[in-house]
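*Asks:* Dropping in structure-v4.cif, with mmCIF, C-alpha atoms.
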data_entry
#
loop_
_atom_site.label_atom_id
_atom_site.label_comp_id
_atom_site.auth_asym_id
_atom_site.auth_seq_id
_atom_site.Cartn_x
_atom_site.Cartn_y
_atom_site.Cartn_z
CA MET A 1 -9.51 -8.15 51.42
CA GLU A 2 -6.63 -5.92 50.36
CA LYS A 3 -5.34 -8.72 48.12
CA LEU A 4 -8.73 -9.03 46.47
CA ILE A 5 -8.83 -5.27 45.87
CA GLY A 6 -5.29 -5.39 44.49
CA LEU A 7 -6.25 -8.28 42.23
CA TRP A 8 -9.29 -6.37 40.94
CA GLN A 9 -7.21 -3.27 40.32
CA SER A 10 -4.73 -5.31 38.27
CA THR A 11 -7.42 -6.54 35.90
CA GLY A 12 -7.95 -5.10 32.45
CA LEU A 13 -11.57 -4.30 33.30
CA PHE A 14 -10.51 -1.96 36.11
CA GLN A 15 -7.85 -0.24 33.98
CA MET A 16 -10.04 0.04 30.88
CA GLU A 17 -10.30 3.55 29.43
CA ILE A 18 -13.21 4.70 27.31
CA GLY A 19 -11.50 4.47 23.94
CA GLN A 20 -10.00 1.02 24.39
CA PRO A 21 -13.18 -1.08 24.02
CA VAL A 22 -13.98 0.93 20.88
CA MET A 23 -10.59 0.07 19.38
CA ILE A 24 -10.92 -3.57 20.40
CA GLY A 25 -14.27 -3.54 18.57
CA ILE A 26 -12.56 -2.06 15.49
CA GLY A 27 -9.96 -4.82 15.72
CA PHE A 28 -12.71 -7.45 15.71
CA PHE A 29 -14.34 -5.67 12.76
CA LEU A 30 -11.08 -5.92 10.78
CA LEU A 31 -10.97 -9.63 11.61
CA TYR A 32 -14.54 -9.93 10.32
CA LEU A 33 -13.62 -8.19 7.05
CA ALA A 34 -10.62 -10.48 6.64
CA ILE A 35 -12.27 -13.78 7.55
CA ARG A 36 -15.87 -13.36 6.46
CA LYS A 37 -15.52 -10.94 3.55
CA GLY A 38 -12.03 -11.90 2.35
CA PHE A 39 -10.82 -8.28 2.26
CA GLU A 40 -6.99 -8.37 2.15
CA PRO A 41 -6.92 -11.15 4.78
CA LEU A 42 -3.13 -11.50 4.73
CA LEU A 43 -2.82 -7.99 6.20
CA LEU A 44 -6.15 -7.14 7.80
CA LEU A 45 -6.13 -10.26 9.99
CA PRO A 46 -2.78 -9.55 11.71
CA ILE A 47 -3.52 -5.79 11.77
CA GLY A 48 -6.86 -6.42 13.47
CA PHE A 49 -5.30 -8.81 15.97
CA GLY A 50 -2.49 -6.33 16.69
CA ALA A 51 -5.11 -3.64 17.33
CA ILE A 52 -6.82 -5.90 19.86
CA LEU A 53 -3.55 -6.71 21.64
CA VAL A 54 -2.33 -3.13 21.95
CA ASN A 55 -5.63 -1.95 23.45
CA ILE A 56 -5.79 -4.55 26.24
CA PRO A 57 -5.19 -2.49 29.41
CA GLY A 58 -2.22 -3.47 31.53
CA ALA A 59 -0.74 -5.87 28.96
CA GLY A 60 2.15 -3.47 28.28
CA LEU A 61 2.83 -4.86 24.84
CA MET A 62 3.89 -1.46 23.47
CA ASP A 63 5.67 -0.24 26.61
CA ALA A 64 9.16 1.17 26.02
CA PRO A 65 12.03 -0.40 27.99
CA LEU A 66 12.70 1.20 31.37
CA MET A 67 16.24 2.53 31.62
CA GLU A 68 18.08 4.05 34.56
CA ALA A 69 21.62 5.44 34.41
CA GLY A 70 22.16 3.62 31.14
CA HIS A 71 21.12 0.26 32.56
CA LEU A 72 18.07 -1.76 31.54
CA ILE A 73 15.67 -2.02 34.46
CA GLU A 74 12.73 -3.58 32.66
CA PRO A 75 12.52 -4.74 29.02
CA GLY A 76 9.96 -3.28 26.67
CA GLY A 77 6.85 -4.97 25.38
CA PHE A 78 6.85 -7.54 22.58
CA LEU A 79 5.07 -5.25 20.08
CA TYR A 80 7.42 -2.39 20.94
CA TYR A 81 10.39 -4.37 19.64
CA ILE A 82 8.57 -5.67 16.56
CA TYR A 83 7.56 -2.13 15.61
CA ASN A 84 10.96 -0.56 16.19
CA VAL A 85 12.92 -3.33 14.49
CA GLY A 86 10.64 -3.73 11.47
CA ILE A 87 8.70 -0.50 10.91
CA SER A 88 10.80 2.31 12.35
CA THR A 89 13.80 1.05 10.40
CA GLY A 90 11.71 0.50 7.26
CA ALA A 91 12.92 -3.12 7.07
CA PHE A 92 9.54 -4.88 6.79
CA PRO A 93 8.15 -2.83 3.86
CA LEU A 94 11.46 -3.18 2.01
CA ILE A 95 11.56 -6.96 2.45
CA ILE A 96 7.97 -7.18 1.22
CA PHE A 97 8.94 -5.07 -1.80
CA MET A 98 11.66 -7.60 -2.56
CA GLY A 99 9.07 -10.38 -2.43
CA VAL A 100 6.71 -8.43 -4.67
CA GLY A 101 9.56 -7.93 -7.14
CA ALA A 102 10.19 -11.67 -7.15
CA MET A 103 6.52 -12.22 -8.05
CA THR A 104 6.39 -9.52 -10.74
CA ASP A 105 6.61 -10.13 -14.47
CA PHE A 106 7.78 -7.04 -16.36
CA GLY A 107 6.91 -8.73 -19.66
CA PRO A 108 3.59 -6.91 -20.29
CA LEU A 109 5.20 -3.53 -19.53
CA LEU A 110 8.20 -4.19 -21.78
CA ALA A 111 5.97 -5.52 -24.56
CA ASN A 112 3.93 -2.30 -24.54
CA PRO A 113 6.13 0.45 -23.01
CA LYS A 114 3.56 3.21 -23.53
CA THR A 115 1.52 1.72 -20.67
CA LEU A 116 4.18 3.22 -18.42
CA PHE A 117 2.42 6.57 -18.99
CA LEU A 118 -0.82 5.09 -17.64
CA GLY A 119 0.90 4.03 -14.43
CA ALA A 120 2.51 7.46 -14.13
CA ALA A 121 -0.79 9.29 -14.72
CA ALA A 122 -2.50 7.27 -11.98
CA GLN A 123 -0.04 8.70 -9.45
CA PHE A 124 -1.65 12.12 -9.88
CA GLY A 125 -4.02 11.06 -7.12
CA ILE A 126 -1.10 11.12 -4.68
CA PHE A 127 -0.13 14.72 -5.35
CA ALA A 128 -3.73 15.92 -5.62
CA THR A 129 -4.43 14.46 -2.18
CA VAL A 130 -1.37 16.15 -0.70
CA LEU A 131 -2.76 19.48 -1.92
CA GLY A 132 -6.18 18.56 -0.54
CA ALA A 133 -4.75 17.76 2.89
CA VAL A 134 -2.86 21.06 2.90
CA ALA A 135 -6.05 22.90 1.90
CA ILE A 136 -8.01 21.23 4.72
CA SER A 137 -5.34 22.25 7.19
CA SER A 138 -5.24 25.81 5.84
CA ALA A 139 -9.01 26.04 6.23
CA GLY A 140 -8.62 25.09 9.89
CA TRP A 141 -10.76 21.94 9.65
CA ILE A 142 -8.06 19.39 10.53
CA ASP A 143 -4.50 20.14 11.53
CA PHE A 144 -2.31 18.23 9.06
CA SER A 145 1.35 19.15 8.71
CA ILE A 146 2.92 19.02 5.26
CA SER A 147 4.62 15.75 6.27
CA ASP A 148 1.26 14.33 7.34
CA ALA A 149 -0.23 15.39 3.99
CA ALA A 150 2.57 13.67 2.07
CA ALA A 151 2.15 10.43 4.01
CA ILE A 152 -1.63 10.47 3.50
CA GLY A 153 -1.27 11.16 -0.22
CA ILE A 154 0.66 7.92 -0.79
CA ILE A 155 -2.60 6.05 -0.09
CA GLY A 156 -3.60 7.13 -3.60
CA GLY A 157 -0.90 4.87 -5.03
CA ALA A 158 -2.81 1.85 -3.65
CA ASP A 159 0.47 0.32 -2.50
CA GLY A 160 0.38 -0.77 1.13
CA PRO A 161 4.12 -1.32 1.78
CA THR A 162 4.97 2.05 0.19
CA ALA A 163 2.32 3.81 2.30
CA ILE A 164 3.70 2.19 5.46
CA PHE A 165 7.30 3.01 4.53
CA VAL A 166 6.55 6.69 3.93
CA ALA A 167 4.27 7.02 6.97
CA SER A 168 6.92 5.49 9.24
CA LYS A 169 9.35 8.20 8.09
CA LEU A 170 7.09 11.25 7.84
CA ALA A 171 4.07 10.65 10.11
CA PRO A 172 4.59 7.70 12.49
CA ASP A 173 1.68 8.78 14.70
CA LEU A 174 -0.68 8.37 11.73
CA LEU A 175 0.74 5.02 10.62
CA GLY A 176 -2.16 2.91 11.89
CA ALA A 177 -4.86 4.96 10.17
CA ILE A 178 -2.86 5.28 6.93
CA ALA A 179 -2.13 1.54 6.76
CA VAL A 180 -5.74 0.56 7.48
CA ALA A 181 -7.00 3.02 4.85
CA ALA A 182 -4.46 1.84 2.25
CA TYR A 183 -5.18 -1.87 2.65
CA SER A 184 -8.93 -1.42 3.07
CA TYR A 185 -9.22 0.54 -0.18
CA MET A 186 -6.97 -1.97 -1.95
CA ALA A 187 -9.37 -4.70 -0.86
CA LEU A 188 -12.34 -2.64 -2.09
CA VAL A 189 -10.92 -2.16 -5.61
CA PRO A 190 -13.72 -4.31 -7.17
CA ILE A 191 -16.30 -2.03 -5.53
CA ILE A 192 -14.63 1.40 -5.86
CA GLN A 193 -13.35 1.29 -9.43
CA PRO A 194 -16.31 0.07 -11.57
CA PRO A 195 -18.57 3.13 -10.98
CA ILE A 196 -15.68 5.48 -11.83
CA ILE A 197 -14.85 3.47 -14.95
CA ARG A 198 -18.47 3.46 -16.17
CA LEU A 199 -18.73 7.19 -15.56
CA LEU A 200 -15.65 8.01 -17.64
CA THR A 201 -15.93 5.48 -20.49
CA THR A 202 -18.50 4.48 -23.08
CA HIS A 203 -19.52 0.94 -23.94
CA GLU A 204 -17.67 1.28 -27.26
CA GLU A 205 -14.46 2.30 -25.49
CA ARG A 206 -14.71 -0.60 -23.07
CA SER A 207 -15.17 -2.93 -26.06
CA ILE A 208 -11.87 -1.98 -27.72
CA GLU A 209 -9.81 -5.11 -28.41
CA MET A 210 -6.06 -4.87 -28.07
CA VAL A 211 -3.53 -6.77 -30.18
CA GLN A 212 -1.53 -9.68 -28.85
CA LEU A 213 1.54 -8.65 -26.86
CA ARG A 214 4.92 -9.42 -28.41
CA HIS A 215 7.26 -11.95 -26.84
CA VAL A 216 9.73 -10.39 -24.39
CA SER A 217 13.13 -12.09 -24.22
CA ARG A 218 14.81 -13.22 -21.02
CA THR A 219 17.67 -10.81 -21.70
CA GLU A 220 15.27 -7.85 -21.74
CA LYS A 221 13.75 -8.97 -18.44
CA ILE A 222 17.17 -9.23 -16.82
CA ILE A 223 18.42 -5.88 -18.09
CA PHE A 224 15.28 -3.87 -17.25
CA PRO A 225 15.48 -3.94 -13.41
CA LEU A 226 19.17 -3.04 -13.61
CA ILE A 227 18.46 -0.04 -15.87
CA LEU A 228 15.52 0.96 -13.66
CA LEU A 229 17.64 0.87 -10.52
CA SER A 230 20.52 2.77 -12.15
CA LEU A 231 18.26 5.59 -13.34
CA VAL A 232 16.49 5.89 -10.00
CA ALA A 233 19.72 5.80 -7.99
CA LEU A 234 21.19 8.62 -10.09
CA LEU A 235 18.10 10.83 -10.33
CA LEU A 236 16.19 10.14 -7.13
CA PRO A 237 18.32 8.43 -4.47
CA THR A 238 15.53 8.56 -1.85
CA ALA A 239 13.48 6.09 -3.92
CA THR A 240 16.41 3.67 -4.12
CA PRO A 241 15.52 1.59 -1.02
CA LEU A 242 12.06 0.70 -2.36
CA LEU A 243 12.93 0.24 -6.02
CA GLY A 244 16.28 -1.32 -5.16
CA MET A 245 14.66 -4.15 -3.21
CA PHE A 246 11.97 -4.45 -5.89
CA ALA A 247 14.63 -4.76 -8.60
CA LEU A 248 16.60 -7.28 -6.53
CA GLY A 249 13.58 -9.53 -6.12
CA ASN A 250 12.78 -9.29 -9.83
CA LEU A 251 16.37 -10.02 -10.84
CA MET A 252 16.37 -13.14 -8.66
CA ARG A 253 13.24 -14.26 -10.51
CA GLU A 254 14.38 -13.54 -14.05
CA SER A 255 18.06 -14.53 -13.80
CA GLY A 256 17.10 -18.18 -13.37
CA VAL A 257 20.24 -18.95 -11.35
CA VAL A 258 18.90 -18.46 -7.81
CA ASP A 259 15.57 -20.26 -7.94
CA ARG A 260 15.77 -21.17 -4.25
CA LEU A 261 16.24 -17.53 -3.25
CA SER A 262 13.46 -16.40 -5.57
CA ASP A 263 11.11 -19.04 -4.18
CA THR A 264 11.97 -18.03 -0.60
CA ALA A 265 11.38 -14.34 -1.35
CA GLN A 266 8.04 -15.10 -3.03
CA ASN A 267 6.75 -17.44 -0.35
CA ALA A 268 8.33 -18.16 3.04
CA LEU A 269 10.09 -14.84 3.62
CA ILE A 270 7.28 -12.55 2.47
CA ASN A 271 4.75 -14.58 4.48
CA ILE A 272 6.79 -14.37 7.69
CA VAL A 273 7.39 -10.64 7.32
CA THR A 274 3.72 -10.02 6.45
CA ILE A 275 2.69 -11.51 9.80
CA PHE A 276 4.99 -9.24 11.77
CA LEU A 277 4.26 -6.21 9.57
CA GLY A 278 0.52 -6.57 10.19
CA ILE A 279 0.94 -6.97 13.95
CA ALA A 280 3.33 -4.00 14.08
CA VAL A 281 0.89 -1.80 12.15
CA GLY A 282 -1.92 -2.90 14.46
CA SER A 283 0.22 -1.88 17.42
CA LYS A 284 -0.10 1.75 16.27
CA MET A 285 -3.89 1.54 16.51
CA SER A 286 -4.07 2.36 20.19
CA ALA A 287 -7.04 4.45 21.25
CA GLU A 288 -4.97 7.60 21.85
CA HIS A 289 -3.46 7.45 18.36
CA PHE A 290 -6.48 6.29 16.34
CA LEU A 291 -9.63 7.80 17.82
CA ASN A 292 -9.37 11.38 16.63
CA ILE A 293 -10.57 13.65 13.86
CA LYS A 294 -7.37 13.04 11.88
CA THR A 295 -8.32 9.40 11.34
CA LEU A 296 -11.62 10.41 9.76
CA GLY A 297 -9.78 12.91 7.58
CA ILE A 298 -7.30 10.24 6.49
CA LEU A 299 -10.08 7.82 5.54
CA ALA A 300 -11.88 10.52 3.55
CA LEU A 301 -8.74 11.76 1.79
CA GLY A 302 -7.69 8.17 1.07
CA ILE A 303 -10.83 7.34 -0.89
CA VAL A 304 -10.51 10.63 -2.79
CA ALA A 305 -6.89 9.82 -3.64
CA PHE A 306 -7.83 6.37 -4.86
CA GLY A 307 -10.67 7.74 -7.00
CA ILE A 308 -8.50 10.44 -8.57
CA GLY A 309 -5.74 7.92 -9.36
CA THR A 310 -8.24 5.62 -11.08
CA ALA A 311 -9.75 8.50 -13.05
CA THR A 312 -6.46 10.01 -14.23
CA GLY A 313 -5.26 6.63 -15.48
CA ILE A 314 -8.43 6.26 -17.57
CA LEU A 315 -8.23 9.82 -18.89
CA MET A 316 -4.60 9.34 -19.90
CA ALA A 317 -5.60 6.27 -21.93
CA LYS A 318 -8.33 8.28 -23.66
CA LEU A 319 -5.82 11.05 -24.41
CA MET A 320 -3.36 8.54 -25.88
CA ASN A 321 -6.11 7.26 -28.18
CA THR A 322 -6.47 10.69 -29.76
CA ILE A 323 -2.92 10.55 -31.09
CA ALA A 324 -2.12 6.83 -31.38
CA SER A 325 -2.98 4.56 -34.30
CA ASN A 326 -3.23 1.44 -32.13
CA LYS A 327 -6.05 2.14 -29.72
CA VAL A 328 -5.67 1.47 -26.01
CA ASN A 329 -8.69 0.23 -24.10
CA PRO A 330 -9.23 2.90 -21.40
CA LEU A 331 -10.06 0.13 -18.94
CA ILE A 332 -6.38 -0.71 -18.54
CA GLY A 333 -5.74 2.89 -17.45
CA SER A 334 -7.63 2.18 -14.23
CA ALA A 335 -5.04 -0.52 -13.46
CA GLY A 336 -2.41 2.22 -13.17
CA VAL A 337 -3.00 2.26 -9.43
CA SER A 338 -0.63 -0.35 -8.07
CA ALA A 339 -3.15 -2.68 -6.43
CA VAL A 340 -1.54 -5.74 -7.99
CA PRO A 341 -3.21 -7.77 -9.45
CA MET A 342 -6.72 -6.80 -8.32
CA ALA A 343 -6.95 -3.64 -10.43
CA ALA A 344 -5.86 -5.58 -13.54
CA ARG A 345 -8.52 -8.22 -12.83
CA VAL A 346 -11.20 -5.54 -12.57
CA SER A 347 -10.13 -4.16 -15.97
CA ASN A 348 -10.26 -7.64 -17.47
CA ARG A 349 -13.67 -8.43 -15.99
CA MET A 350 -15.23 -5.20 -17.21
CA GLY A 351 -13.68 -5.69 -20.64
CA LEU A 352 -15.29 -9.13 -20.91
CA GLU A 353 -18.63 -7.69 -19.85
CA ALA A 354 -18.47 -5.23 -22.75
CA ASN A 355 -17.01 -7.69 -25.27
CA PRO A 356 -16.80 -11.47 -24.64
CA HIS A 357 -13.67 -11.63 -26.83
CA ASN A 358 -11.90 -8.85 -24.96
CA PHE A 359 -9.14 -10.36 -22.83
CA LEU A 360 -7.30 -7.48 -21.15
CA LEU A 361 -5.58 -9.10 -18.16
CA MET A 362 -2.04 -9.18 -19.56
CA HIS A 363 -2.48 -5.75 -21.17
CA ALA A 364 -3.65 -4.35 -17.81
CA MET A 365 -0.65 -5.84 -15.99
CA GLY A 366 1.59 -3.36 -17.84
CA PRO A 367 0.14 -0.22 -16.20
CA ASN A 368 -0.42 -2.20 -12.99
CA VAL A 369 3.31 -2.91 -12.65
CA ALA A 370 4.10 0.64 -13.82
CA GLY A 371 1.93 1.84 -10.94
CA VAL A 372 4.17 0.03 -8.46
CA ILE A 373 7.18 1.82 -9.92
CA GLY A 374 5.29 5.13 -10.00
CA SER A 375 4.21 4.94 -6.36
CA ALA A 376 7.78 4.16 -5.28
CA VAL A 377 9.07 7.14 -7.27
CA ALA A 378 6.36 9.37 -5.77
CA ALA A 379 7.40 8.15 -2.32
CA GLY A 380 11.00 9.04 -3.14
CA VAL A 381 9.94 12.55 -4.18
CA MET A 382 8.07 13.03 -0.89
CA LEU A 383 11.02 11.80 1.15
CA ALA A 384 13.46 13.96 -0.82
CA LEU A 385 11.37 17.07 -0.18
CA LEU A 386 10.30 16.40 3.41
CA GLY A 387 12.34 13.55 4.87
#
Turn this file's structure into structure tokens for me.
*Replies:*
Amino acid sequence: MEKLIGLWQSTGLFQMEIGQPVMIGIGFFLLYLAIRKGFEPLLLLPIGFGAILVNIPGAGLMDAPLMEAGHLIEPGGFLYYIYNVGISTGAFPLIIFMGVGAMTDFGPLLANPKTLFLGAAAQFGIFATVLGAVAISSAGWIDFSISDAAAIGIIGGADGPTAIFVASKLAPDLLGAIAVAAYSYMALVPIIQPPIIRLLTTHEERSIEMVQLRHVSRTEKIIFPLILLSLVALLLPTATPLLGMFALGNLMRESGVVDRLSDTAQNALINIVTIFLGIAVGSKMSAEHFLNIKTLGILALGIVAFGIGTATGILMAKLMNTIASNKVNPLIGSAGVSAVPMAARVSNRMGLEANPHNFLLMHAMGPNVAGVIGSAVAAGVMLALLG
């Protein structure tokens, strides 16, 4: 009888706490969004599965190793090591940034350099959200530290790896909520952005046709990431890890002499790291870390950040049109958030709706890529001030 009682007490059902079934349900919901709805499946599927694993009572997947007098008594859980090796060190987001760089074409940005201002303007959502989080904390509604506010603000850049990198440094306890918010809103770009775009632009503005982009030489594409890295390293060293790996991946792509490395970075390596990154992020979605008022605040501030970033990119395009002879379609300003390439596709689709001859995809990729650079620079600013 005692053995039966001991067996029952060792089960997950006996050890289950009230918040754990809720989080397991949230994990299944993320799997539903990934599989059924197709929302960022490459990340939401492993994140959802990681959330399920970490909330199974008694599994010990996030348990720290047990040490005594400097000797290992019992090793830690599987997810504990994945998180500490890949997220705490910042390795996984940086490797993914290298893969993203290897997939990025700077041609549209170099062909129309003024779109860099659109990507920069879209980062206003990051800093506006930081101020909003500080204001909420000052009002006594939710207790966010300044480091928490900075980590939450990066959601506005719509760049998942950057959000994870900054959160792991400034607010590791909020990593799960920040990552889920960042990737969920990235997946919802086709739903979130169109109402904001229609509100801020007229049909005539959305119908503006842009001239064909000039040809960008291979030499320009090779030199640009090197110049970018040099400027960042000298002016903002804290942004060097992100932009350095991004520039490395892009240089492997454009140099044409390491095709095998470029292919690995774009495919096998980024896919492997994405699996472990998602599981590691899910491991921070335990009930004690996720089910609190801060999570609701993060989700609310995240959508505000994303909306402000979209709006400021559009407004910057409209401002440029007041002084420029060659008009810019304000739709491409919304692509300044770095949700690559979804935001650019939304701009292109809405441009075609307004004018069947209006092909904006390559024009929108300029501010889209600039947004990746802008979010990394914003992350460097946050880390320089608070890290």
*Asks:* Quick check on the file I pasted: which residues fall under the PyMOL selection byres ((chain A and resi 74-78) around 7)? Write them as a PyMOL selection string.
*Replies:* chain A and resi 60-66+72-73+79-82
*Asks:* Could the residues in this selection be saved with C-alpha atoms as a PDB file, in the frame of the given file?
*Replies:*
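Dumped everything to out32.pdb:
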ATOM      1  CA  GLY A  60       2.150  -3.470  28.280  1.00  0.00           C
ATOM      2  CA  LEU A  61       2.830  -4.860  24.840  1.00  0.00           C
ATOM      3  CA  MET A  62       3.890  -1.460  23.470  1.00  0.00           C
ATOM      4  CA  ASP A  63       5.670  -0.240  26.610  1.00  0.00           C
ATOM      5  CA  ALA A  64       9.160   1.170  26.020  1.00  0.00           C
ATOM      6  CA  PRO A  65      12.030  -0.400  27.990  1.00  0.00           C
ATOM      7  CA  LEU A  66      12.700   1.200  31.370  1.00  0.00           C
ATOM      8  CA  LEU A  72      18.070  -1.760  31.540  1.00  0.00           C
ATOM      9  CA  ILE A  73      15.670  -2.020  34.460  1.00  0.00           C
ATOM     10  CA  LEU A  79       5.070  -5.250  20.080  1.00  0.00           C
ATOM     11  CA  TYR A  80       7.420  -2.390  20.940  1.00  0.00           C
ATOM     12  CA  TYR A  81      10.390  -4.370  19.640  1.00  0.00           C
ATOM     13  CA  ILE A  82       8.570  -5.670  16.560  1.00  0.00           C
TER      14      ILE A  82
END
*Asks:* Which residues are close to Gly86 of chain A, i.e. within 9 Å by all atoms listed in the file, leaving aside same-chain residues fewer than 5 positions away? Reply as a PyMOL selection string.
*Replies:* chain A and resi 81+91-93+273+276-277+280
*Asks:* Evaluate the PyMOL selection byres ((chain A and resi 285-295) around 9) on the structure here and hand back the selected residues as a ChimeraX atom specification.
*Replies:* /A:17-24,27,47,50-52,54-55,142-144,173-178,281-284,296-300
*Asks:* Please identify all polymer residues within 7 Å of Leu44 of chain A, counting all atoms listed in the file, omitting same-chain residues fewer than 2 positions from it, and present them as an MDAnalysis selection string.
*Replies:* chainID A and resid 30:31 34 40:42 46:48
*Asks:* Using all atoms listed in the file, determine which residues lie at most 12 Å from Ile154 of chain A, disregarding the query and same-chain residues fewer than 5 positions distant; provide the list as a ChimeraX atom specification.
*Replies:* /A:122-130,133,147-149,159-167,170-171,175,178-179,181-183,298,301-306,309,337-338,371-372,374-383
*Asks:* Can you work out which one of A:Gly132, A:Gly107, A:Gly90, A:Gly140 has the shortest atom-to-atom distance to Arg218 of chain A, counting all atoms listed in the file?
*Replies:*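 For Arg218 of chain A, the nearest of the candidates is A:Gly107.
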*Asks:* Which neighbours of segment 233-242 of chain A fall inside 6 Å, counting only C-alpha atoms, when residues of the same chain fewer than 3 positions from it are skipped, and could you give them as a ChimeraX atom specification?
*Replies:* /A:94,229-230,245,377,380,384
*Asks:* Could you tell me which residues the PyMOL selection byres ((chain A and resi 217) around 12) returns for this structure, as an MDAnalysis selection string?
*Replies:* chainID A and resid 105:108 110:111 214:216 218:224 254:255
*Asks:* Which residues, protein or nucleic acid, reach to within 8 Å of (-5.9, -6.0, -16.3) in the file's coordinates when using all atoms listed in the file, and can you give that as a list of chain:residue names?
*Replies:*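 Returned residue set, sorted by chain then number, is A:Leu331, A:Ile332, A:Ala335, A:Pro341, A:Ala343, A:Ala344, A:Arg345, A:Val346, A:Ser347, A:Asn348, A:Leu360, A:Leu361, A:Met362, A:His363, A:Ala364, A:Met365, A:Asn368.
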*Asks:* From the list A:Ile279, A:Ile373, A:Ala135, A:Val85, which residue is nearest Leu118 of chain A when using only C-alpha atoms?
*Replies:*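 Looking at the shortest contact to Leu118 of chain A, the residue is A:Ile373.
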*Asks:* Please identify all polymer residues within 6 Å of segment 310-323 of chain A, counting only C-alpha atoms, omitting same-chain residues fewer than 3 positions from it, and present them as a PDB file with C-alpha atoms, keeping the file's coordinate frame.
*Replies:*
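The resulting file, part.pdb, is shown below:
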ATOM      1  CA  LEU A 118      -0.820   5.090 -17.640  1.00  0.00           C
ATOM      2  CA  ALA A 121      -0.790   9.290 -14.720  1.00  0.00           C
ATOM      3  CA  ALA A 122      -2.500   7.270 -11.980  1.00  0.00           C
ATOM      4  CA  GLY A 307     -10.670   7.740  -7.000  1.00  0.00           C
ATOM      5  CA  LYS A 327      -6.050   2.140 -29.720  1.00  0.00           C
ATOM      6  CA  PRO A 330      -9.230   2.900 -21.400  1.00  0.00           C
ATOM      7  CA  GLY A 333      -5.740   2.890 -17.450  1.00  0.00           C
ATOM      8  CA  SER A 334      -7.630   2.180 -14.230  1.00  0.00           C
ATOM      9  CA  GLY A 336      -2.410   2.220 -13.170  1.00  0.00           C
TER      10      GLY A 336
END
*Asks:* Using atom CA of Asp259 of chain A and atom CA of Ala247 of chain A as the two end points, give the distance in Å to one decimal.
*Replies:*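 Distance reported for this atom pair: 15.5 Å.
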*Asks:* Report, in Å to a single decimal, how far apart atom CA of Asn329 of chain A and atom CA of Pro367 of chain A are.
*Replies:*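 Calculated distance between atom CA of Pro367 of chain A and atom CA of Asn329 of chain A is 11.9 Å.
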*Asks:* Within 10 Å of (11.5, -9.9, -6.1) in the file's own coordinates, which protein, DNA or RNA residues have an atom, counting only C-alpha atoms? List them as a ChimeraX atom specification.
*Replies:* /A:95-105,244-254,261-266,270
*Asks:* What does the distance between atom CA of Ser145 of chain A and atom CA of Ile87 of chain A come to in Å, to one decimal place?
*Replies:*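 Computing it gives 21.1 Å between the two atoms.
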*Asks:* Measuring atom to atom with only C-alpha atoms, identify which of A:Phe117, A:Ile146, A:Lys37, A:Ser207 is nearest to Leu188 of chain A.
*Replies:*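 Nearest candidate to Leu188 of chain A out of A:Phe117, A:Ile146, A:Lys37, A:Ser207: A:Lys37.
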